[in-house]
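J.: Please see the structure below; I have some questions.
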Amino acid sequence: MSWLPSPADEAARYRVHICFGPNCSPRGSHALLPVLEGAIRRHGLTSQVEIIIASCRNRCDDGPSMNVYPGPFFYNWLTPEAIERIVELHLLGATPVEQYLYPRRAAGAAPR
Ligand code: FES
């Protein structure tokens with residue numbers, strides 16, 4: 001099976017897969033979606049970022065999880081504050097936020 005981008009997909013600069021899987025959901029991923037949407041809207045990125053509700057990302061112990069494409073960049077240990085930083089620094093500023101990247105943990109990151 002092949003994947004062909006639609007014209008709308010081609011316009012999106014980033015594709016964000018936020019995990020609503022069975023482990024990330026009880027860890028709060030559903031509550032992160034409006035935070036993600038709001039941050040994208042506030043930064044004027046609605047035409048540049050496509051959000052996809054995704055199933056398990058295979059990093060359940062470190063969820064909530066989210067992937068950003070192109071990359072992929074695997075983000076974990078997400079909180080509302082983490083989402084705000086990822087949108088501002090990565091999706092707006094093109095600089096990945098190492099503190100939340102899997103499997104690396106920057107000094108000071110709070111592992112679960
Ligand atoms: S349920 Fe989200 S990574 Fe597995």
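Chains: A, B, ... in order of the structure tokens. Residues: from 1 per chain. Ligands: from 1, in order shown.
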Write out as a Markdown table the residues of chain A that have any atom within 8 Å of an atom of ligand 1, one row each with the nearest atom pair and its distance in Å to one decimal, counting only C-alpha atoms and all ligand atoms, sorted by chain and then rising number.

T.:
```
| residue | atom | partner | partner_atom_place_in_ligand_line | distance |
| --- | --- | --- | --- | --- |
| A:Cys19 | CA | ligand 1 | 2 (Fe) | 4.8 |
| A:Phe20 | CA | ligand 1 | 2 (Fe) | 6.2 |
| A:Gly21 | CA | ligand 1 | 1 (S) | 3.6 |
| A:Pro22 | CA | ligand 1 | 1 (S) | 4.7 |
| A:Asn23 | CA | ligand 1 | 1 (S) | 3.9 |
| A:Cys24 | CA | ligand 1 | 2 (Fe) | 4.2 |
| A:Ser25 | CA | ligand 1 | 1 (S) | 6.9 |
| A:Ser55 | CA | ligand 1 | 1 (S) | 6.7 |
| A:Cys56 | CA | ligand 1 | 4 (Fe) | 3.8 |
| A:Arg57 | CA | ligand 1 | 3 (S) | 3.9 |
| A:Asn58 | CA | ligand 1 | 3 (S) | 4.4 |
| A:Arg59 | CA | ligand 1 | 3 (S) | 4.0 |
| A:Cys60 | CA | ligand 1 | 4 (Fe) | 3.6 |
| A:Asp61 | CA | ligand 1 | 3 (S) | 7.3 |
| A:Asp62 | CA | ligand 1 | 3 (S) | 7.3 |
| A:Gly63 | CA | ligand 1 | 2 (Fe) | 5.6 |
| A:Pro64 | CA | ligand 1 | 2 (Fe) | 5.9 |
| A:Ser65 | CA | ligand 1 | 2 (Fe) | 5.4 |
| A:Met66 | CA | ligand 1 | 2 (Fe) | 8.0 |
```

J.: Among chain A, which residues carry a DSSP assignment of strand (DSSP E or B), reported as number ranges by chain?

T.: A: 14-19, 49-54, 66-69, 73-75, 101

J.: Just the residues within 10 Å of Pro103 (chain A), please, counting only C-alpha atoms, with nothing from its chain fewer than 2 positions along; format it as a ChimeraX atom specification.

T.: /A:59,62,74-76,98-101,105-106

J.: Could those selected residues go to a file with N, CA and C atoms, as a compact mmCIF listing (two decimals), in the first residue's frame?

T.:
```txt
# COMPACT_ATOMS: atom_id res chain seq x y z
N ARG A 59 5.92 3.48 23.05
CA ARG A 59 6.77 4.03 24.11
C ARG A 59 5.90 4.26 25.34
N ASP A 62 6.78 5.71 28.84
CA ASP A 62 7.26 7.09 28.90
C ASP A 62 6.23 8.08 28.37
N PHE A 74 10.59 11.87 18.31
CA PHE A 74 9.75 11.17 19.27
C PHE A 74 9.76 11.93 20.59
N TYR A 75 8.61 12.50 20.94
CA TYR A 75 8.51 13.23 22.21
C TYR A 75 7.76 12.40 23.24
N ASN A 76 8.24 12.49 24.47
CA ASN A 76 7.63 11.76 25.58
C ASN A 76 7.59 12.62 26.83
N GLU A 98 15.07 19.07 23.12
CA GLU A 98 15.78 17.86 23.54
C GLU A 98 15.28 17.29 24.86
N GLN A 99 14.83 18.13 25.74
CA GLN A 99 14.40 17.69 27.07
C GLN A 99 13.32 16.61 26.99
N TYR A 100 12.51 16.64 25.95
CA TYR A 100 11.39 15.69 25.85
C TYR A 100 11.59 14.66 24.76
N LEU A 101 12.76 14.65 24.14
CA LEU A 101 13.02 13.70 23.07
C LEU A 101 13.35 12.33 23.63
N ARG A 105 17.40 12.08 27.53
CA ARG A 105 16.83 12.91 28.58
C ARG A 105 17.87 13.95 28.95
N ALA A 106 17.52 15.18 28.76
CA ALA A 106 18.43 16.25 29.16
C ALA A 106 18.50 16.31 30.68
```

J.: I need the helix (DSSP H, G or I) residues of chain A per DSSP on the backbone, written as a PyMOL selection string.

T.: chain A and resi 7-11+29-42+60-62+80-92+98-100

J.: Between A:Leu45, A:Leu89, A:Leu32, A:Ala54, single out the one closest to Trp77 (chain A), counting only C-alpha atoms.

T.: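 Closest to Trp77 (chain A) of all the choices is A:Leu32.
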
J.: Between CA of Val68 (chain A) and CA of Glu37 (chain A), what is the distance in Å, rounded to a tenth?

T.: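 Taking CA of Val68 (chain A) and CA of Glu37 (chain A), their separation equals 14.3 Å.
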
J.: By how many Å are CA of Ile83 (chain A) and CA of His43 (chain A) apart?

T.: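 Atom-to-atom, CA of Ile83 (chain A) to CA of His43 (chain A), that is 12.8 Å.
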
J.: Write out as JSON, numbers by chain which residues come within 12 Å of Arg42 (chain A) when counting only C-alpha atoms, dropping same-chain ones fewer than 6 positions away.

T.: {"A": [34, 35, 36, 84, 87, 88, 92]}

J.: If you measure from CA of Ile40 (chain A) to CA of Ala11 (chain A), what distance in Å do you get, rounded to one decimal?

T.: 15.3 Å

J.: Using only C-alpha atoms, find the one residue out of A:Gly38, A:Pro80, A:Pro26, A:Gly93 that sits nearest to Ile51 (chain A).

T.: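 Smallest separation from Ile51 (chain A) among the options: A:Gly38.
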
J.: So, with only C-alpha atoms as the atoms that count, which of A:Thr79, A:Leu33, A:Ala12, A:Phe73 lies closest to Thr46 (chain A)?

T.: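 Using only C-alpha atoms, Thr46 (chain A) sits closest to A:Ala12.
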